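Below is one structure, written out as structure tokens, with a few remarks after it.
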Amino acid sequence: MLVLGIETSCDETGVALYDGERGLLAHALHSQIALHAEYGGVVPELASRDHVRKLLPLIHQVLDDAGVASGDIGGVAYTAGPGLIGALLVGSALGRSLAWSWGVPAVGVHHMEGHLLAPMLEAEPPAFPFIALLVSGGHTLLVRVAGVGRYQILGESLDDAAGEAFDKTAKLLGLPYPGGPELARLAEQGDPARFRFPRPMTDRPGLDFSFSGLKTFALNTVREHGGDPQGRADIARAFQDAVVDTLAIKCRRALEQTGVPRLVVAGGVGANRALRERLRQVTDKLGGAVYYPRPEFCTDNGAMIAYAGACRLAAGVHEAPVIQARARWSLAELEAV
């Protein structure tokens, strides 16, 4: 089955075509970074309007790139949640309308399920079960993935997500939006020995995360030592080291406690080079392996939605012809296929 995937959960418009036999045929992405940079963060109303402008042209582009016609499409998958409700409604409305007009089934995809399954698009995908670290601007989760829809949440952030903490700390340091990648670049110039930030919730059992206190620690350090470029670089390095160590410690615990040797890292923060190196060390020491989507599939994209939707459509899952979007939606509510 040839599936059209649509992603509009936040500030990136993604479209892709996935074929159950031939794999990913084409994908395209429009980022709204330039649009929101002036405001230092995502403005929901502007995001929704930009999705309206960009989504249909991207669909035409992907169809042309793949050399297929709309009549060849066998199903439509769109992100139904979680995310910004206005942005979600754009993709949900167009995706459901196209499916109705083409006479094909449609399925609303959980955004985080798309991220969890993104590594399955690679040439050497991980085998089930695996432990997934989903780490982005909106989410920090450790999940045991036994199959499509078979998810056990092992740990999650009790406050700020790791990516959110990166962006907020970058803003404290006067770095431009989006702050996470900018902070990582600045950290390369920092002295790792000058400051040591706390590794939150690593001195107690469990797999949950908390990054709000780390952000406050960074704020106090910026006020005291962030008056010069080297001081800001040293703070960026100390902050990144603390986040990376915290994530690595929790991942090691999850692998040891479950006995699962495979770790998947998904979400935008998964592109951080320091985190990748640290997690490689962790899995090597445990005799396991770590898997990543290709860089363009670490952030939000249509390919992961097309793949997740194709899995569910192939299992006979589809929805009534109604437009549904959910700003909040727990992974635990998904049904296995």
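Please note that chains go A, B, ... in the order of the structure tokens, that every chain numbers its residues from 1, and that ligands are numbered from 1 in the order shown.
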Check which residues of range 213-324 of chain A sit at most 8 Å from range 60-78 of chain A using only C-alpha atoms, and return one row each with the closest pair of atoms and their distance in Å to one decimal, ordered by chain and rising number, as CSV.
```
residue,atom,partner,partner_atom,distance
A:Ile305,CA,A:Ala77,CA,6.5
A:Ala306,CA,A:Ala77,CA,5.8
A:Gly309,CA,A:Ala77,CA,5.0
A:Ala310,CA,A:Ala77,CA,7.5
A:Leu313,CA,A:Gly75,CA,7.3
```
Atoms kept (all heavy atoms) for selection, written as a JSON list (two decimals), in the first residue's frame:
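Everything below was put into result-v8.json:
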```
[["chain", "number", "residue", "atom", "x", "y", "z"],
["A", 305, "ILE", "N", 5.64, 9.62, 10.02],
["A", 305, "ILE", "CA", 4.19, 9.52, 10.10],
["A", 305, "ILE", "C", 3.67, 8.57, 9.02],
["A", 305, "ILE", "O", 2.77, 7.76, 9.26],
["A", 305, "ILE", "CB", 3.55, 10.91, 9.97],
["A", 305, "ILE", "CG1", 4.08, 11.84, 11.06],
["A", 305, "ILE", "CG2", 2.03, 10.81, 10.02],
["A", 305, "ILE", "CD1", 3.86, 11.35, 12.48],
["A", 306, "ALA", "N", 4.25, 8.67, 7.82],
["A", 306, "ALA", "CA", 3.85, 7.76, 6.75],
["A", 306, "ALA", "C", 4.14, 6.31, 7.12],
["A", 306, "ALA", "O", 3.31, 5.41, 6.88],
["A", 306, "ALA", "CB", 4.57, 8.13, 5.46],
["A", 309, "GLY", "N", 1.80, 5.19, 10.01],
["A", 309, "GLY", "CA", 0.47, 5.03, 9.45],
["A", 309, "GLY", "C", 0.36, 3.80, 8.57],
["A", 309, "GLY", "O", -0.66, 3.09, 8.60],
["A", 310, "ALA", "N", 1.40, 3.51, 7.78],
["A", 310, "ALA", "CA", 1.39, 2.33, 6.92],
["A", 310, "ALA", "C", 1.29, 1.06, 7.75],
["A", 310, "ALA", "O", 0.59, 0.11, 7.37],
["A", 310, "ALA", "CB", 2.64, 2.32, 6.05],
["A", 313, "LEU", "N", -2.39, 0.95, 8.94],
["A", 313, "LEU", "CA", -3.32, 0.68, 7.83],
["A", 313, "LEU", "C", -3.18, -0.75, 7.33],
["A", 313, "LEU", "O", -4.18, -1.40, 7.01],
["A", 313, "LEU", "CB", -3.06, 1.68, 6.70],
["A", 313, "LEU", "CG", -3.50, 3.12, 6.97],
["A", 313, "LEU", "CD1", -2.93, 4.06, 5.91],
["A", 313, "LEU", "CD2", -5.02, 3.23, 7.01]]
```
Shell of 9 Å around range 122-124 of chain A, only C-alpha atoms, local chain residues under 2 positions omitted, as a ChimeraX atom specification = /A:118-120,126,291-294
Separation of CA of Leu117 in chain A from CA of Tyr177 in chain A, in Å and rounded to one decimal |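 A separation of 27.8 Å between them.
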Taking the chain letters and numbering used in this document, name the residues of range 96-164 of chain A that DSSP puts in strand (DSSP E), as a PyMOL selection string.
-> chain A and resi 106-110+130-135+140-147+150-156
Find the residues around Leu186 in chain A up to 12 Å (only C-alpha atoms counted), leave out those fewer than 5 positions away in its own chain, and share them as a list in words.
-> Thr169, Ala170, Leu173, Gly174, Leu175, Pro176, Gly179, Gly180, Pro181, Asp191, Pro229, Gln230, Gly231, Arg232, Ala233, Asp234, Ile235, Ala236, Arg237, Ala238, Phe239 and Gln240 of chain A
Any chance you could list, as a VMD selection string, the residues in range 35-284 of chain A that come up alpha helix (DSSP H) when DSSP is run on the backbone?
-> chain A and resid 35 to 37 44 to 66 85 to 102 111 to 117 162 to 172 179 to 187 212 to 225 229 to 258 273 to 284
If you count only C-alpha atoms, which residues fall within 9 Å of range 192-203 of chain A, apart from same-chain ones fewer than 3 positions away, as a list in words?
-> Ala187, Gly206, Leu207, Asp208, Phe209, Ser210, Phe211, Gly213, Leu214, Phe217, Ala218, Thr221, Asp234, Ile235, Arg237, Ala238, Phe239, Asp241, Ala242, Val243, Asp245, Thr246, Ile249 and Lys250 of chain A
Neighbouring residues of Tyr151 in chain A were defined as those with any atom within 9 Å, considering only C-alpha atoms; residues of the same chain fewer than 5 positions away were excluded. Please report them as a PDB file with all heavy atoms, in the first residue's frame.
```pdb
ATOM      1  N   VAL A 143      11.061   4.464  26.910  1.00  0.00           N
ATOM      2  CA  VAL A 143       9.959   3.572  26.564  1.00  0.00           C
ATOM      3  C   VAL A 143      10.511   2.218  26.154  1.00  0.00           C
ATOM      4  O   VAL A 143      11.483   2.141  25.380  1.00  0.00           O
ATOM      5  CB  VAL A 143       9.128   4.157  25.401  1.00  0.00           C
ATOM      6  CG1 VAL A 143       7.904   3.282  25.128  1.00  0.00           C
ATOM      7  CG2 VAL A 143       8.698   5.587  25.699  1.00  0.00           C
ATOM      8  N   ARG A 144       9.896   1.156  26.660  1.00  0.00           N
ATOM      9  CA  ARG A 144      10.192  -0.189  26.159  1.00  0.00           C
ATOM     10  C   ARG A 144       9.246  -0.455  25.001  1.00  0.00           C
ATOM     11  O   ARG A 144       8.021  -0.413  25.159  1.00  0.00           O
ATOM     12  CB  ARG A 144      10.015  -1.248  27.237  1.00  0.00           C
ATOM     13  CG  ARG A 144      10.450  -2.652  26.785  1.00  0.00           C
ATOM     14  CD  ARG A 144      10.211  -3.686  27.874  1.00  0.00           C
ATOM     15  NE  ARG A 144      10.789  -4.977  27.527  1.00  0.00           N
ATOM     16  CZ  ARG A 144      10.177  -5.909  26.767  1.00  0.00           C
ATOM     17  NH1 ARG A 144       8.964  -5.667  26.286  1.00  0.00           N
ATOM     18  NH2 ARG A 144      10.784  -7.055  26.492  1.00  0.00           N
ATOM     19  N   VAL A 145       9.803  -0.701  23.822  1.00  0.00           N
ATOM     20  CA  VAL A 145       9.016  -0.891  22.605  1.00  0.00           C
ATOM     21  C   VAL A 145       9.088  -2.360  22.212  1.00  0.00           C
ATOM     22  O   VAL A 145      10.138  -2.856  21.795  1.00  0.00           O
ATOM     23  CB  VAL A 145       9.550  -0.001  21.472  1.00  0.00           C
ATOM     24  CG1 VAL A 145       8.717  -0.193  20.207  1.00  0.00           C
ATOM     25  CG2 VAL A 145       9.535   1.474  21.891  1.00  0.00           C
ATOM     26  N   ALA A 146       7.970  -3.052  22.348  1.00  0.00           N
ATOM     27  CA  ALA A 146       7.918  -4.475  22.009  1.00  0.00           C
ATOM     28  C   ALA A 146       7.319  -4.725  20.634  1.00  0.00           C
ATOM     29  O   ALA A 146       7.355  -5.846  20.129  1.00  0.00           O
ATOM     30  CB  ALA A 146       7.106  -5.232  23.064  1.00  0.00           C
ATOM     31  N   LEU A 331       0.802   7.931  25.087  1.00  0.00           N
ATOM     32  CA  LEU A 331       1.199   6.721  24.355  1.00  0.00           C
ATOM     33  C   LEU A 331       0.511   5.481  24.891  1.00  0.00           C
ATOM     34  O   LEU A 331       0.253   4.528  24.150  1.00  0.00           O
ATOM     35  CB  LEU A 331       2.721   6.536  24.463  1.00  0.00           C
ATOM     36  CG  LEU A 331       3.623   7.145  23.406  1.00  0.00           C
ATOM     37  CD1 LEU A 331       5.074   6.934  23.791  1.00  0.00           C
ATOM     38  CD2 LEU A 331       3.353   6.567  22.023  1.00  0.00           C
ATOM     39  N   ALA A 332       0.227   5.489  26.189  1.00  0.00           N
ATOM     40  CA  ALA A 332      -0.385   4.320  26.821  1.00  0.00           C
ATOM     41  C   ALA A 332      -1.781   4.026  26.282  1.00  0.00           C
ATOM     42  O   ALA A 332      -2.284   2.914  26.450  1.00  0.00           O
ATOM     43  CB  ALA A 332      -0.454   4.525  28.332  1.00  0.00           C
ATOM     44  N   LEU A 334      -2.593   3.931  23.108  1.00  0.00           N
ATOM     45  CA  LEU A 334      -2.553   3.311  21.777  1.00  0.00           C
ATOM     46  C   LEU A 334      -2.772   1.814  21.854  1.00  0.00           C
ATOM     47  O   LEU A 334      -2.342   1.142  22.788  1.00  0.00           O
ATOM     48  CB  LEU A 334      -1.207   3.595  21.109  1.00  0.00           C
ATOM     49  CG  LEU A 334      -0.903   5.058  20.789  1.00  0.00           C
ATOM     50  CD1 LEU A 334       0.452   5.164  20.108  1.00  0.00           C
ATOM     51  CD2 LEU A 334      -1.975   5.640  19.905  1.00  0.00           C
ATOM     52  N   ALA A 336      -2.195  -2.020  20.321  1.00  0.00           N
ATOM     53  CA  ALA A 336      -1.184  -2.791  19.596  1.00  0.00           C
ATOM     54  C   ALA A 336      -1.756  -3.282  18.272  1.00  0.00           C
ATOM     55  O   ALA A 336      -2.963  -3.511  18.147  1.00  0.00           O
ATOM     56  CB  ALA A 336      -0.710  -3.967  20.440  1.00  0.00           C
TER      57      ALA A 336
END
```
Shell around Thr8 in chain A at 7 Å using only C-alpha atoms, local window under 5 positions removed, as a compact mmCIF listing (two decimals) with N, CA and C atoms, in the first residue's frame:
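So around36.txt came out as:
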```
# COMPACT_ATOMS: atom_id res chain seq x y z
N THR A 13 6.39 21.56 8.62
CA THR A 13 5.41 20.92 7.75
C THR A 13 6.11 19.81 7.00
N GLY A 14 5.71 18.56 7.26
CA GLY A 14 6.37 17.42 6.63
C GLY A 14 5.40 16.58 5.83
N HIS A 51 1.31 26.42 8.05
CA HIS A 51 0.96 25.07 7.60
C HIS A 51 -0.09 25.14 6.49
N THR A 79 -0.67 13.32 11.44
CA THR A 79 -0.46 13.46 12.88
C THR A 79 -1.73 14.00 13.51
N ALA A 87 -2.32 23.75 14.73
CA ALA A 87 -1.44 23.13 13.74
C ALA A 87 -1.91 21.72 13.40
N LEU A 88 -2.29 20.96 14.41
CA LEU A 88 -2.78 19.60 14.19
C LEU A 88 -4.04 19.60 13.33
N GLY A 91 -3.35 19.72 9.43
CA GLY A 91 -3.00 18.44 8.82
C GLY A 91 -4.13 17.44 8.88
```
Have a look at A:Ser9, A:Thr283, A:Thr216, A:Ser92 and name the one nearest to Val264 in chain A; count only C-alpha atoms.
->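 Once distances to Val264 in chain A are computed over only C-alpha atoms, the minimum belongs to A:Thr283.
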Of the candidates A:Ala327, A:Ser97, A:Val290, A:Ala161, which one gets nearest to Ala132 in chain A if we count only C-alpha atoms?
->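 Between A:Ala327, A:Ser97, A:Val290, A:Ala161, the residue approaching Ala132 in chain A most closely is A:Val290.
For the atom pair formed by CA of Leu263 in chain A and CA of Leu17 in chain A, the distance is 26.9 Å, given to one decimal.
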